[in-house]
Every structure is written in structure tokens, then in C-alpha cells.
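Reading through the C-alpha cells given below for one structure.
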Amino acid sequence: MDAEAPTQLAKNQTAAVPRQETGAAGATGETAGGGGGGAAKVTKEQDHDAEYHPPTSYLETIVHLFKGNIGPGLFAMGDAFKNGGLLVAPLLTVVIAVVSIHCQHVLVTCSKKMRDLKGETVCADYAQTVEQCFENGPPKLRGWSRTMGRLVDIFICVTQLGFCCIYFVFISTNLKQILVAYDIDMNVHLVMLLAFVPVLLSSLITNLKWLTPVSMFANVCMILGLAITLYYALKDGLPEVEERALWTNGSQLALFFGTAIFAFEGIALVMPLKNAMRKPHQFERPLGVLNVGMFLVSVMFMFAGSVGYMKWGEQVGGSLTLNLGDTILAQAVKLMVSAGVLLGYPLQFFVAIQIMWPSAKQMCGIQGRSLLGELAFRTFMVLVTLAIAEMVPALGLFISLIGALCSTALALVFPPVIELIARSELNKGPGVWICAKNLVILVLALLGFFTGSYESLKQIVKHFGEEEVH
């Protein structure tokens with residue numbers, strides 16, 4: 001039985017439209033333009049879109065959630081543990097994982113509360129949830145609703161397109177190493193151009209149902225790549241623990257925070273994945289998609305970070321694949337992981353396009369679905385991410401900066417803020433426990449936000465300053 005009991009109006013609407021169609025339509029982006037905040041009315045256009053966006057199953061959704069969180073950040077955890085220390089980094093990783101998953105649950109809970117309050121059949125996306133919480137919150141905050149909704153959309157687009165840029169950098173860095181191993185000297189920027197074609201083709205897939213085989217193959221590539229990488233690290237044994245730092249200084253911890261937050265990169269996918277499900281209530285239940293998927297992701301992060309740092313210490317690369325050497329199997333791992341990251345690009349890209357395409361369509365005066373227009377817009381945006389990636393190829397520093405800026409805000413700032421608003425009652429606050437818990441999360445978020453951004457920017461300036469000298 002669905003635990004998300006809708007209001008009577010929602011039941012009446014559901015009688016006319018099957019629940020699974022409503023869930024799938026919620027992932028199309030036609031009502032997700034970051035600004036509406038009105039009731040999600042079932043229209044002929046949405047029914048037409050549902051044909052292009054069939055609902056996903058529990059397994060298909062968990063495949064997408066897993067892939068949405070397993071990207072370059074997984075192989076960057078060795079570098080993160082170097083910045084955190086062998087004792088402190090695992091503890092902080094568990095804390096960040098628990099807090100991040102909790103904040104994702106908070107987002108889902110607030111979205112369900114706004115859905116029931118407004119009598120809708122579909123949970124709103126991230127930006128609409130924030131907007132609706134402010135709309136129905138204390139009178140002094142209601143005037144900020146539209147601004148907050150748009151701000152979340154901007155942060156999501158910057159974050160997701162930032163991930164896409166990093167994917168280009170990651171792929172080209174690994175492919176260049178493979179080419180060098182076979183005495184092929186090719187500029188890394190040219191390698192990025194070669195990666196553009198397969199990235200573009202995979203990005204032209206326009207719905208989550210059809211993306212499932214792509215995400216599944218990407219998951220297989222990433223898991224096999226990590227397994228072989230760990231085998232390489234463990235086959236000759238690990239150094240003594242005494243040879244590794246147990247903790248580090250404040251500036252390095254700030255870099256750790258930025259990289260670790262980037263690794264838990266999936267909060268923007270939460271509502272699109274839930275709304276696209278055939279049975280949306282399976283998403284957030286105790287053994288649902290969110291808890292099971294994120295537990296597996298967290299275990300993989302812990303293994304990758306601890307083993308990578310123990311093996312290679314201060315020489316661990318911004319990606320573990322960069323420490324594998326020049327053997328044939330090592331090159332196969334780099335190719336496998338690069339393929340996994342490449343095929344993860346369209347899933348991250350999907351979220352940004354879901355937000356941007358309705359506004360772009362409106363600006364261009366396009367009516368109806370217009371598949372050709374959407375494909376042209378997707379092609380243009382892939383070119384934009386390629387251009388940005390060509391300009392900033394410093395992989396580890398770029399990861400830390402994106403994590404400290406937008407990822408922190410989306411993962412740890414907005415969820416506690418909207419929970420404080422949604423749980424407030426007339427002439428009564430949300431309660432001492434809710435206030436204390438969310439205050440701790442916000443303090444951690446702001447600390448990481450400012451220190452991580454400062455350290456990452458400082459390292460980027462230093463990096464390009466050294467390049468100019470040479």
C-alpha cells in the first residue's frame with residue numbers, strides 16, 4: 001500500500017489518470033521550469049509526453065541512482081583520503097554520507113508534504129519544492145519563493161553541467177595515458193574533441209527508460225574497473241599504517257570536504273528518479289531505492305579511498321586510474337572506466353536539460369514536444385560543456401571547487417532550510433530537535449562551503465601560475 005496518502009482532490013485526479021503515467025510524466029521537465037509552483041494539471045500534452053517517458057521499475061531506478069553517484073568522484077576518493085588522513089577521512093566520509101542521505105530524504109518528505117497540501121498527484125521537483133515551501137511558509141519568506149526556486153535551478157544546472165565538464169576532463173586524461181603507453185603523442189585537448197562524438201550520441205537519448213541499458217553498462221564498466229584497480233593495489237600488499245598520515249591540517253581537510261561532497265553528487269537526480277517510477281513510494285521506503293542504492297555507493301567510496309591512499313600515499317593521483325602504470329590490463333582498466341564515465345554523462349546531462357529545455361523552448365516560440373528542437377538544444381549544450389572542459393583541465397582542483405560551491409548548497413543547505421520552513425506551524429516553530437539538527441547541518445555546510453571554495457580557488461590560481469612560469 002502506498003504510504004503517501006494523497007488528498008481527496010488528488011484521488012479524483014488519479015482516478016482519471018493512472019498513477020504510473022503520472023509518475024513518469026513528472027520526469028519530463030514540462031512542468032519543471034523552476035518557476036511555476038502551481039498545481040500540476042494533467043493535460044493532453046503531458047499524456048503525449050508520457051508515451052515518450054514510460055515509467056521505470058525499482059531495479060531500473062536503482063541502476064540510475066547508482067550510476068548518478070558513481071562517476072569520477074569514486075576514483076578521486078584516494079586523493080580525498082590523502083587530504084583527510086587515514087583515520088579522519090573514513091570517519092568524515094561516513095558522516096558526510098549519513099548527512100547527505102538524510103538530506104535527500106528531507107527533500108522527498110518536503111516535496112510529498114507540498115504535494116498533499118496543494119492536492120497534486122505528482123511530487124514537485126527540487127526547485128518547485130523549495131519554491132512551494134517558501135510560498136506556504138511564514139509570511140515574511142513568501143516573497144522569496146520564486147527567487148529561491150530559480151536559485152535552486154541555477155545551482156542544479158551549474159552543478160550538473162560542471163559534472164559533465166569534469167567527465168570530459170576525466171575521459172581525456174585517461175585516454176591520453178593509454179595513447180602515451182603506445183607511443184602515440186596527442187594533445188589532451190584533441191583527445192577531448194575525439195571524445196565529443198560518443199558523448200554527444202549518448203546525450204541524445206531523451207528519457208530515463210531508454211537510458212537504463214546505458215546506465216547498466218556504465219555501472220558494469222565502473223565496478224569492474226574499480227575491482228581491477230583494487231586488485232592492482234592489493235596484489236603486492238599494502239604499506240604499514242605508520243607510513244600514512246592519520247590526520248591532516250585544516251586547509252587539506254577543506255579540500256577533502258569538497259572532493260567528498262562531489263562524490264555524493266546525486267541529490268539533483270532524486271525527484272526526477274522518484275517521479276519517473278511506476279511505483280514512486282518504493283523510492284524512499286526503508287529498503288527502497290534511495291537507502292539501498294546510497295549504502296552500496298558509500299561502501300564503494302570507503303574501499304576506493306582507504307585502499308587507494310594506503311597503497312600510493314602522497315603519490316595517489318587525482319584519479320586512481322592514473323596510478324596503475326603501463327601494463328595492458330592497466331590500460332584496459334583506464335579504457336573501461338573512461339567508458340563508464342562517458343556513459344554516465346547523459347544521466348547527469350538529463351537533469352540540466354530537464355530544467356533548461358522548457359525555458360529555451362518558450363524563448364524560441366516552440367509549441368508542443370518538438371523532438372528535433374530538443375536534440376538541437378542538447379547538441380548545443382554538449383558543445384558548451386566541451387568548451388568549458390577545454391579551458392580548465394585541472395581535474396582534482398575542478399572537482400573540489402564544484403563540490404565546495406554548488407554541490408554543498410544543493411546537498412546540505414537547501415534541504416535543512418526547507419525542512420525548517422515546512423515543519424513550522426502557525427505561531428510555533430518547527431521544534432527544538434529539528435532546529436538543533438538542521439543548525440548543525442547548516443554550520444557544517446557553510447564551513448565546507450567557504451573553506452573548500454577558498455582553498456580550491458587558491459590551488460587553481462597556483463596551478464595556472466606555475467604553468468605560466470614553465
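By order of appearance in the C-alpha cells: chains A, B, ..., then residues from 1 within every chain, and ligands from 1 in the order shown.
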
(message) I need the residues in range 83-140 of chain A that are helix (DSSP H, G or I) according to DSSP; give them as an MDAnalysis selection string.
(response) chainID A and resid 83:84 88:118 126:135 139:140

Export, as a tab-separated table (two decimals), in the first residue's frame, the selected residues with N, CA and C atoms.
```
chain	number	residue	atom	x	y	z
A	83	ASN	N	44.00	13.98	1.54
A	83	ASN	CA	43.78	15.29	2.14
A	83	ASN	C	43.12	15.20	3.52
A	84	GLY	N	42.50	14.05	3.82
A	84	GLY	CA	41.81	13.92	5.10
A	84	GLY	C	42.58	13.15	6.14
A	88	VAL	N	40.94	10.17	9.97
A	88	VAL	CA	39.88	11.17	9.91
A	88	VAL	C	39.00	11.01	8.67
A	89	ALA	N	39.60	10.72	7.53
A	89	ALA	CA	38.85	10.66	6.27
A	89	ALA	C	37.72	9.63	6.29
A	90	PRO	N	37.95	8.37	6.74
A	90	PRO	CA	36.83	7.42	6.78
A	90	PRO	C	35.70	7.88	7.69
A	91	LEU	N	36.05	8.44	8.86
A	91	LEU	CA	35.02	8.91	9.78
A	91	LEU	C	34.20	10.04	9.15
A	92	LEU	N	34.88	11.00	8.53
A	92	LEU	CA	34.17	12.11	7.90
A	92	LEU	C	33.37	11.64	6.69
A	93	THR	N	33.86	10.62	5.98
A	93	THR	CA	33.12	10.08	4.84
A	93	THR	C	31.79	9.49	5.30
A	94	VAL	N	31.81	8.75	6.41
A	94	VAL	CA	30.57	8.19	6.96
A	94	VAL	C	29.62	9.31	7.37
A	95	VAL	N	30.16	10.34	8.03
A	95	VAL	CA	29.33	11.47	8.46
A	95	VAL	C	28.70	12.16	7.25
A	96	ILE	N	29.51	12.44	6.23
A	96	ILE	CA	29.00	13.12	5.03
A	96	ILE	C	27.96	12.24	4.34
A	97	ALA	N	28.20	10.92	4.28
A	97	ALA	CA	27.24	10.01	3.64
A	97	ALA	C	25.90	10.02	4.38
A	98	VAL	N	25.96	9.88	5.71
A	98	VAL	CA	24.72	9.84	6.51
A	98	VAL	C	23.95	11.15	6.37
A	99	VAL	N	24.66	12.27	6.48
A	99	VAL	CA	24.02	13.58	6.39
A	99	VAL	C	23.45	13.80	4.98
A	100	SER	N	24.19	13.41	3.95
A	100	SER	CA	23.73	13.60	2.56
A	100	SER	C	22.47	12.78	2.29
A	101	ILE	N	22.47	11.51	2.74
A	101	ILE	CA	21.29	10.65	2.52
A	101	ILE	C	20.10	11.19	3.31
A	102	HIS	N	20.36	11.65	4.54
A	102	HIS	CA	19.28	12.23	5.34
A	102	HIS	C	18.69	13.45	4.63
A	103	CYS	N	19.54	14.30	4.07
A	103	CYS	CA	19.05	15.49	3.37
A	103	CYS	C	18.24	15.13	2.13
A	104	GLN	N	18.60	14.03	1.47
A	104	GLN	CA	17.81	13.58	0.32
A	104	GLN	C	16.43	13.11	0.78
A	105	HIS	N	16.37	12.44	1.92
A	105	HIS	CA	15.08	12.05	2.47
A	105	HIS	C	14.26	13.28	2.87
A	106	VAL	N	14.93	14.29	3.41
A	106	VAL	CA	14.24	15.53	3.78
A	106	VAL	C	13.61	16.17	2.55
A	107	LEU	N	14.34	16.20	1.43
A	107	LEU	CA	13.82	16.76	0.19
A	107	LEU	C	12.56	16.01	-0.25
A	108	VAL	N	12.61	14.66	-0.22
A	108	VAL	CA	11.46	13.86	-0.63
A	108	VAL	C	10.27	14.12	0.30
A	109	THR	N	10.53	14.17	1.60
A	109	THR	CA	9.44	14.39	2.58
A	109	THR	C	8.77	15.75	2.38
A	110	CYS	N	9.59	16.78	2.19
A	110	CYS	CA	9.03	18.11	1.96
A	110	CYS	C	8.24	18.17	0.66
A	111	SER	N	8.73	17.51	-0.38
A	111	SER	CA	8.03	17.50	-1.65
A	111	SER	C	6.68	16.80	-1.51
A	112	LYS	N	6.63	15.68	-0.77
A	112	LYS	CA	5.37	14.98	-0.54
A	112	LYS	C	4.40	15.85	0.26
A	113	LYS	N	4.92	16.58	1.26
A	113	LYS	CA	4.06	17.44	2.05
A	113	LYS	C	3.45	18.54	1.20
A	114	MET	N	4.25	19.14	0.31
A	114	MET	CA	3.73	20.19	-0.57
A	114	MET	C	2.74	19.61	-1.57
A	115	ARG	N	3.00	18.40	-2.04
A	115	ARG	CA	2.06	17.75	-2.97
A	115	ARG	C	0.69	17.56	-2.33
A	116	ASP	N	0.69	17.03	-1.09
A	116	ASP	CA	-0.58	16.81	-0.40
A	116	ASP	C	-1.26	18.12	-0.05
A	117	LEU	N	-0.47	19.13	0.32
A	117	LEU	CA	-1.03	20.43	0.68
A	117	LEU	C	-1.73	21.09	-0.51
A	118	LYS	N	-1.16	20.90	-1.71
A	118	LYS	CA	-1.71	21.55	-2.90
A	118	LYS	C	-2.66	20.64	-3.67
A	126	TYR	N	12.94	19.47	-7.38
A	126	TYR	CA	13.69	20.13	-6.32
A	126	TYR	C	13.35	21.62	-6.24
A	127	ALA	N	13.47	22.33	-7.36
A	127	ALA	CA	13.26	23.78	-7.35
A	127	ALA	C	11.82	24.12	-6.98
A	128	GLN	N	10.85	23.40	-7.54
A	128	GLN	CA	9.45	23.67	-7.21
A	128	GLN	C	9.14	23.37	-5.75
A	129	THR	N	9.79	22.34	-5.19
A	129	THR	CA	9.59	22.03	-3.77
A	129	THR	C	10.08	23.19	-2.90
A	130	VAL	N	11.26	23.70	-3.21
A	130	VAL	CA	11.79	24.85	-2.46
A	130	VAL	C	10.85	26.04	-2.61
A	131	GLU	N	10.40	26.31	-3.83
A	131	GLU	CA	9.52	27.44	-4.07
A	131	GLU	C	8.20	27.29	-3.31
A	132	GLN	N	7.63	26.09	-3.32
A	132	GLN	CA	6.36	25.86	-2.65
A	132	GLN	C	6.50	25.93	-1.13
A	133	CYS	N	7.63	25.48	-0.60
A	133	CYS	CA	7.85	25.58	0.85
A	133	CYS	C	7.90	27.05	1.28
A	134	PHE	N	8.58	27.88	0.50
A	134	PHE	CA	8.63	29.30	0.82
A	134	PHE	C	7.24	29.94	0.64
A	135	GLU	N	6.50	29.54	-0.40
A	135	GLU	CA	5.16	30.07	-0.65
A	135	GLU	C	4.22	29.81	0.52
A	139	PRO	N	4.87	34.34	6.56
A	139	PRO	CA	4.57	35.43	5.62
A	139	PRO	C	5.80	36.22	5.15
A	140	LYS	N	6.78	36.42	6.03
A	140	LYS	CA	7.95	37.21	5.66
A	140	LYS	C	8.82	36.52	4.60
```

(message) With distances taken over only C-alpha atoms, which residue among A:Gly431, A:Met302, A:Arg378, A:Cys123 lies nearest Lys274 in chain A?
(response)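 Of A:Gly431, A:Met302, A:Arg378, A:Cys123, the one nearest Lys274 in chain A, counting only C-alpha atoms, is A:Cys123.
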
Contacts of range 312-321 of chain A at 9 Å (only C-alpha atoms; same-chain gap of 4+ positions) as a PDB file with N, CA and C atoms, in the first residue's frame:
```
ATOM      1  N   PRO A  72      33.542  10.073 -11.730  1.00  0.00           N
ATOM      2  CA  PRO A  72      34.941  10.373 -11.392  1.00  0.00           C
ATOM      3  C   PRO A  72      35.168  10.537  -9.900  1.00  0.00           C
ATOM      4  N   GLY A  73      34.141  10.958  -9.169  1.00  0.00           N
ATOM      5  CA  GLY A  73      34.283  11.125  -7.729  1.00  0.00           C
ATOM      6  C   GLY A  73      34.697   9.846  -7.023  1.00  0.00           C
ATOM      7  N   LEU A  74      34.270   8.672  -7.536  1.00  0.00           N
ATOM      8  CA  LEU A  74      34.658   7.401  -6.941  1.00  0.00           C
ATOM      9  C   LEU A  74      36.170   7.222  -6.995  1.00  0.00           C
ATOM     10  N   PHE A  75      36.758   7.499  -8.149  1.00  0.00           N
ATOM     11  CA  PHE A  75      38.192   7.292  -8.325  1.00  0.00           C
ATOM     12  C   PHE A  75      39.009   8.461  -7.788  1.00  0.00           C
ATOM     13  N   ALA A  76      38.314   9.532  -7.369  1.00  0.00           N
ATOM     14  CA  ALA A  76      39.003  10.655  -6.728  1.00  0.00           C
ATOM     15  C   ALA A  76      39.086  10.486  -5.215  1.00  0.00           C
ATOM     16  N   MET A  77      38.481   9.417  -4.665  1.00  0.00           N
ATOM     17  CA  MET A  77      38.455   9.258  -3.218  1.00  0.00           C
ATOM     18  C   MET A  77      39.827   8.973  -2.627  1.00  0.00           C
ATOM     19  N   GLY A  78      40.726   8.403  -3.389  1.00  0.00           N
ATOM     20  CA  GLY A  78      42.093   8.216  -2.896  1.00  0.00           C
ATOM     21  C   GLY A  78      42.754   9.557  -2.623  1.00  0.00           C
ATOM     22  N   ASP A  79      42.564  10.500  -3.541  1.00  0.00           N
ATOM     23  CA  ASP A  79      43.090  11.858  -3.360  1.00  0.00           C
ATOM     24  C   ASP A  79      42.393  12.551  -2.192  1.00  0.00           C
ATOM     25  N   ALA A  80      41.096  12.291  -2.020  1.00  0.00           N
ATOM     26  CA  ALA A  80      40.357  12.870  -0.891  1.00  0.00           C
ATOM     27  C   ALA A  80      40.894  12.348   0.436  1.00  0.00           C
ATOM     28  N   LYS A  82      43.852  11.273   1.005  1.00  0.00           N
ATOM     29  CA  LYS A  82      45.175  11.883   1.218  1.00  0.00           C
ATOM     30  C   LYS A  82      45.013  13.228   1.907  1.00  0.00           C
ATOM     31  N   PHE A 170      38.079  13.988 -17.273  1.00  0.00           N
ATOM     32  CA  PHE A 170      38.440  12.657 -16.788  1.00  0.00           C
ATOM     33  C   PHE A 170      38.692  11.704 -17.959  1.00  0.00           C
ATOM     34  N   ASN A 174      42.507  10.051 -19.030  1.00  0.00           N
ATOM     35  CA  ASN A 174      42.758   8.611 -19.067  1.00  0.00           C
ATOM     36  C   ASN A 174      43.099   8.115 -20.467  1.00  0.00           C
ATOM     37  N   GLY A 225      36.129  -1.888 -13.331  1.00  0.00           N
ATOM     38  CA  GLY A 225      37.317  -1.034 -13.279  1.00  0.00           C
ATOM     39  C   GLY A 225      37.818  -0.858 -11.858  1.00  0.00           C
ATOM     40  N   LEU A 226      36.886  -0.638 -10.911  1.00  0.00           N
ATOM     41  CA  LEU A 226      37.291  -0.483  -9.513  1.00  0.00           C
ATOM     42  C   LEU A 226      37.842  -1.787  -8.952  1.00  0.00           C
ATOM     43  N   THR A 229      41.304  -2.247 -10.218  1.00  0.00           N
ATOM     44  CA  THR A 229      42.169  -1.244  -9.586  1.00  0.00           C
ATOM     45  C   THR A 229      42.533  -1.669  -8.163  1.00  0.00           C
ATOM     46  N   ALA A 233      46.139  -2.684  -6.438  1.00  0.00           N
ATOM     47  CA  ALA A 233      46.628  -2.066  -5.202  1.00  0.00           C
ATOM     48  C   ALA A 233      46.964  -3.102  -4.138  1.00  0.00           C
ATOM     49  N   LEU A 238      49.995  -3.980   1.162  1.00  0.00           N
ATOM     50  CA  LEU A 238      49.914  -2.543   1.447  1.00  0.00           C
ATOM     51  C   LEU A 238      51.015  -2.133   2.419  1.00  0.00           C
ATOM     52  N   PRO A 239      51.447  -0.888   2.350  1.00  0.00           N
ATOM     53  CA  PRO A 239      52.449  -0.401   3.306  1.00  0.00           C
ATOM     54  C   PRO A 239      51.902  -0.426   4.733  1.00  0.00           C
ATOM     55  N   GLU A 243      53.139   4.543   7.924  1.00  0.00           N
ATOM     56  CA  GLU A 243      53.695   5.321   6.820  1.00  0.00           C
ATOM     57  C   GLU A 243      52.706   6.341   6.267  1.00  0.00           C
ATOM     58  N   ARG A 244      51.489   6.307   6.736  1.00  0.00           N
ATOM     59  CA  ARG A 244      50.465   7.216   6.233  1.00  0.00           C
ATOM     60  C   ARG A 244      50.001   8.161   7.343  1.00  0.00           C
ATOM     61  N   ALA A 245      49.647   9.381   6.941  1.00  0.00           N
ATOM     62  CA  ALA A 245      49.150  10.371   7.910  1.00  0.00           C
ATOM     63  C   ALA A 245      47.766   9.973   8.391  1.00  0.00           C
ATOM     64  N   ALA A 304      37.445   2.427  -2.089  1.00  0.00           N
ATOM     65  CA  ALA A 304      38.297   3.123  -3.053  1.00  0.00           C
ATOM     66  C   ALA A 304      39.232   4.109  -2.351  1.00  0.00           C
ATOM     67  N   VAL A 307      41.852   2.116   0.414  1.00  0.00           N
ATOM     68  CA  VAL A 307      42.856   1.282  -0.257  1.00  0.00           C
ATOM     69  C   VAL A 307      43.757   2.134  -1.148  1.00  0.00           C
ATOM     70  N   GLY A 308      43.176   3.083  -1.870  1.00  0.00           N
ATOM     71  CA  GLY A 308      43.974   3.936  -2.753  1.00  0.00           C
ATOM     72  C   GLY A 308      45.022   4.733  -1.999  1.00  0.00           C
ATOM     73  N   GLY A 325      50.036   2.450 -13.872  1.00  0.00           N
ATOM     74  CA  GLY A 325      51.189   2.079 -14.688  1.00  0.00           C
ATOM     75  C   GLY A 325      50.821   1.843 -16.139  1.00  0.00           C
ATOM     76  N   ALA A 330      46.220  -2.670 -17.101  1.00  0.00           N
ATOM     77  CA  ALA A 330      46.011  -1.331 -16.545  1.00  0.00           C
ATOM     78  C   ALA A 330      45.391  -0.406 -17.586  1.00  0.00           C
ATOM     79  N   GLN A 331      45.849  -0.530 -18.840  1.00  0.00           N
ATOM     80  CA  GLN A 331      45.271   0.301 -19.902  1.00  0.00           C
ATOM     81  C   GLN A 331      43.812  -0.094 -20.159  1.00  0.00           C
ATOM     82  N   VAL A 333      41.777  -1.171 -17.884  1.00  0.00           N
ATOM     83  CA  VAL A 333      41.002  -0.577 -16.787  1.00  0.00           C
ATOM     84  C   VAL A 333      40.692   0.883 -17.093  1.00  0.00           C
ATOM     85  N   LYS A 334      41.710   1.619 -17.537  1.00  0.00           N
ATOM     86  CA  LYS A 334      41.510   3.034 -17.853  1.00  0.00           C
ATOM     87  C   LYS A 334      40.465   3.201 -18.959  1.00  0.00           C
ATOM     88  N   VAL A 337      36.971   2.318 -17.377  1.00  0.00           N
ATOM     89  CA  VAL A 337      36.469   3.385 -16.512  1.00  0.00           C
ATOM     90  C   VAL A 337      36.071   4.608 -17.336  1.00  0.00           C
ATOM     91  N   LEU A 395      41.910  18.411 -13.113  1.00  0.00           N
ATOM     92  CA  LEU A 395      40.830  17.530 -12.670  1.00  0.00           C
ATOM     93  C   LEU A 395      40.544  17.611 -11.175  1.00  0.00           C
ATOM     94  N   GLY A 396      41.539  17.349 -10.330  1.00  0.00           N
ATOM     95  CA  GLY A 396      41.314  17.315  -8.894  1.00  0.00           C
ATOM     96  C   GLY A 396      40.824  18.637  -8.334  1.00  0.00           C
ATOM     97  N   LEU A 397      41.397  19.740  -8.811  1.00  0.00           N
ATOM     98  CA  LEU A 397      41.022  21.062  -8.311  1.00  0.00           C
ATOM     99  C   LEU A 397      39.622  21.445  -8.771  1.00  0.00           C
TER     100      LEU A 397
END
```

(request) Determine, counting only C-alpha atoms, which protein, DNA and RNA residues have an atom within 8 Å of an atom of range 379-390 of chain A; residues of the same chain fewer than 3 positions away are not included. Present the result as a ChimeraX atom specification. (result) /A:161-162,164-166,168-169,189,192-193,196,199-200,203-204,375-376,393

(message) If we count only C-alpha atoms and set the cut-off at 9 Å, which residues sit around Cys157 in chain A, ignoring sequence neighbours fewer than 2 positions away in its own chain? Please answer as JSON, numbers by chain.
(response) {"A": [152, 153, 154, 155, 159, 160, 161, 162, 349, 351, 352, 353, 355, 356]}

Print the selection's residues with C-alpha atoms to a file, as a compact mmCIF listing (two decimals), in the first residue's frame.
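Contents of out.txt, freshly written:
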```txt
# COMPACT_ATOMS: atom_id res chain seq x y z
CA VAL A 152 17.98 26.15 -6.98
CA ASP A 153 17.51 25.65 -10.72
CA ILE A 154 20.65 27.69 -11.40
CA PHE A 155 22.64 25.72 -8.83
CA THR A 159 26.38 21.53 -10.78
CA GLN A 160 25.19 19.06 -13.41
CA LEU A 161 26.92 20.81 -16.30
CA GLY A 162 30.01 21.10 -14.07
CA PHE A 349 23.10 15.93 -18.51
CA VAL A 351 18.75 16.75 -15.17
CA ALA A 352 20.10 20.05 -16.50
CA ILE A 353 18.26 19.69 -19.81
CA ILE A 355 15.26 22.30 -16.33
CA MET A 356 16.64 24.33 -19.25
```

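Comparing the minimum interatomic distances between Leu253 in chain A and each of A:Val292, A:Cys364, A:Leu65, A:Ala404, counting only C-alpha atoms, we find that A:Ala404 sits nearest.
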
(message) Could you tell me how far CA of Asn291 in chain A sits from CA of Ala411 in chain A, in Å to one decimal place?
(response) 15.7 Å

(message) Could you list, as a ChimeraX atom specification, every residue within 9 Å of Ile421 in chain A, counting only C-alpha atoms and ignoring same-chain residues fewer than 3 positions away?
(response) /A:133-134,136-138,416-418,424-425,429-430

Got time to write the residues from that selection, all heavy atoms, as an mmCIF file, in the first residue's frame?
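Result written to out01.cif:
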```cif
data_model
loop_
_atom_site.group_PDB
_atom_site.id
_atom_site.type_symbol
_atom_site.label_atom_id
_atom_site.label_comp_id
_atom_site.auth_asym_id
_atom_site.auth_seq_id
_atom_site.Cartn_x
_atom_site.Cartn_y
_atom_site.Cartn_z
ATOM 1 N N CYS A 133 7.631 25.478 -0.600
ATOM 2 C CA CYS A 133 7.855 25.578 0.851
ATOM 3 C C CYS A 133 7.900 27.046 1.280
ATOM 4 O O CYS A 133 7.311 27.421 2.305
ATOM 5 C CB CYS A 133 9.156 24.872 1.235
ATOM 6 S SG CYS A 133 9.052 23.068 1.250
ATOM 7 N N PHE A 134 8.583 27.876 0.500
ATOM 8 C CA PHE A 134 8.626 29.302 0.821
ATOM 9 C C PHE A 134 7.243 29.945 0.645
ATOM 10 O O PHE A 134 6.842 30.793 1.442
ATOM 11 C CB PHE A 134 9.659 30.016 -0.057
ATOM 12 C CG PHE A 134 11.050 29.979 0.497
ATOM 13 C CD1 PHE A 134 11.846 28.856 0.340
ATOM 14 C CD2 PHE A 134 11.578 31.061 1.182
ATOM 15 C CE1 PHE A 134 13.135 28.813 0.847
ATOM 16 C CE2 PHE A 134 12.859 31.035 1.708
ATOM 17 C CZ PHE A 134 13.643 29.901 1.541
ATOM 18 N N ASN A 136 4.367 28.640 1.144
ATOM 19 C CA ASN A 136 3.460 28.235 2.213
ATOM 20 C C ASN A 136 4.086 28.377 3.597
ATOM 21 O O ASN A 136 3.528 27.894 4.579
ATOM 22 C CB ASN A 136 3.032 26.779 1.992
ATOM 23 C CG ASN A 136 2.193 26.604 0.739
ATOM 24 O OD1 ASN A 136 1.001 26.857 0.737
ATOM 25 N ND2 ASN A 136 2.834 26.176 -0.341
ATOM 26 N N GLY A 137 5.243 29.045 3.651
ATOM 27 C CA GLY A 137 5.917 29.251 4.916
ATOM 28 C C GLY A 137 5.494 30.531 5.607
ATOM 29 O O GLY A 137 4.439 31.113 5.294
ATOM 30 N N PRO A 138 6.287 31.006 6.561
ATOM 31 C CA PRO A 138 5.978 32.254 7.262
ATOM 32 C C PRO A 138 5.783 33.409 6.280
ATOM 33 O O PRO A 138 6.455 33.464 5.237
ATOM 34 C CB PRO A 138 7.217 32.477 8.138
ATOM 35 C CG PRO A 138 7.785 31.103 8.335
ATOM 36 C CD PRO A 138 7.509 30.373 7.059
ATOM 37 N N PRO A 416 17.888 21.366 4.745
ATOM 38 C CA PRO A 416 17.529 21.764 6.115
ATOM 39 C C PRO A 416 16.723 23.056 6.177
ATOM 40 O O PRO A 416 15.864 23.215 7.047
ATOM 41 C CB PRO A 416 18.889 21.916 6.817
ATOM 42 C CG PRO A 416 19.898 21.994 5.747
ATOM 43 C CD PRO A 416 19.349 21.241 4.595
ATOM 44 N N VAL A 417 16.981 23.979 5.248
ATOM 45 C CA VAL A 417 16.242 25.241 5.239
ATOM 46 C C VAL A 417 14.763 24.989 4.955
ATOM 47 O O VAL A 417 13.876 25.503 5.658
ATOM 48 C CB VAL A 417 16.834 26.225 4.199
ATOM 49 C CG1 VAL A 417 15.892 27.406 3.980
ATOM 50 C CG2 VAL A 417 18.196 26.726 4.663
ATOM 51 N N ILE A 418 14.465 24.167 3.932
ATOM 52 C CA ILE A 418 13.054 23.943 3.596
ATOM 53 C C ILE A 418 12.371 23.084 4.656
ATOM 54 O O ILE A 418 11.161 23.199 4.863
ATOM 55 C CB ILE A 418 12.867 23.340 2.188
ATOM 56 C CG1 ILE A 418 13.537 21.972 2.068
ATOM 57 C CG2 ILE A 418 13.378 24.294 1.126
ATOM 58 C CD1 ILE A 418 13.262 21.273 0.743
ATOM 59 N N SER A 424 7.380 24.204 10.309
ATOM 60 C CA SER A 424 6.889 25.284 11.170
ATOM 61 C C SER A 424 5.369 25.351 11.123
ATOM 62 O O SER A 424 4.759 25.165 10.072
ATOM 63 C CB SER A 424 7.467 26.628 10.716
ATOM 64 O OG SER A 424 8.866 26.651 10.866
ATOM 65 N N GLU A 425 4.772 25.598 12.268
ATOM 66 C CA GLU A 425 3.328 25.763 12.343
ATOM 67 C C GLU A 425 3.003 27.200 12.725
ATOM 68 O O GLU A 425 3.881 27.955 13.152
ATOM 69 C CB GLU A 425 2.744 24.792 13.384
ATOM 70 C CG GLU A 425 2.997 23.331 13.043
ATOM 71 C CD GLU A 425 2.502 22.399 14.129
ATOM 72 O OE1 GLU A 425 1.866 22.891 15.076
ATOM 73 O OE2 GLU A 425 2.764 21.187 14.032
ATOM 74 N N GLY A 429 7.331 27.365 16.166
ATOM 75 C CA GLY A 429 8.471 26.948 15.360
ATOM 76 C C GLY A 429 8.442 25.452 15.066
ATOM 77 O O GLY A 429 7.519 24.742 15.477
ATOM 78 N N PRO A 430 9.450 24.952 14.370
ATOM 79 C CA PRO A 430 9.494 23.541 14.000
ATOM 80 C C PRO A 430 9.844 22.601 15.149
ATOM 81 O O PRO A 430 9.780 21.380 14.988
ATOM 82 C CB PRO A 430 10.574 23.500 12.918
ATOM 83 C CG PRO A 430 11.450 24.667 13.211
ATOM 84 C CD PRO A 430 10.550 25.719 13.779
#
```

(message) Measuring between only C-alpha atoms, which one of A:Ser407, A:Ser57, A:Thr206, A:Thr327 shows the shortest distance to Val180 in chain A?
(response) A:Thr327

(request) Find the residue from A:Pro55, A:Val158, A:Ile178, A:Ser370 that sits nearest to Ala409 in chain A; use only C-alpha atoms when measuring. (result)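 Comparing A:Pro55, A:Val158, A:Ile178, A:Ser370 against Ala409 in chain A, the winner is A:Val158.
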
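Across the structure, CA of Leu405 in chain A and CA of Phe81 in chain A are spaced 19.8 Å apart.
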
(message) One decimal, in Å: what's the spacing between CA of Phe66 in chain A and CA of Val214 in chain A?
(response)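 Interatomic distance, CA of Phe66 in chain A to CA of Val214 in chain A: 12.4 Å.
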
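Nearest to Glu455 in chain A of all the residues A:Pro415, A:Gly237, A:Gly250, A:Gly85 is A:Gly250, counting only C-alpha atoms.
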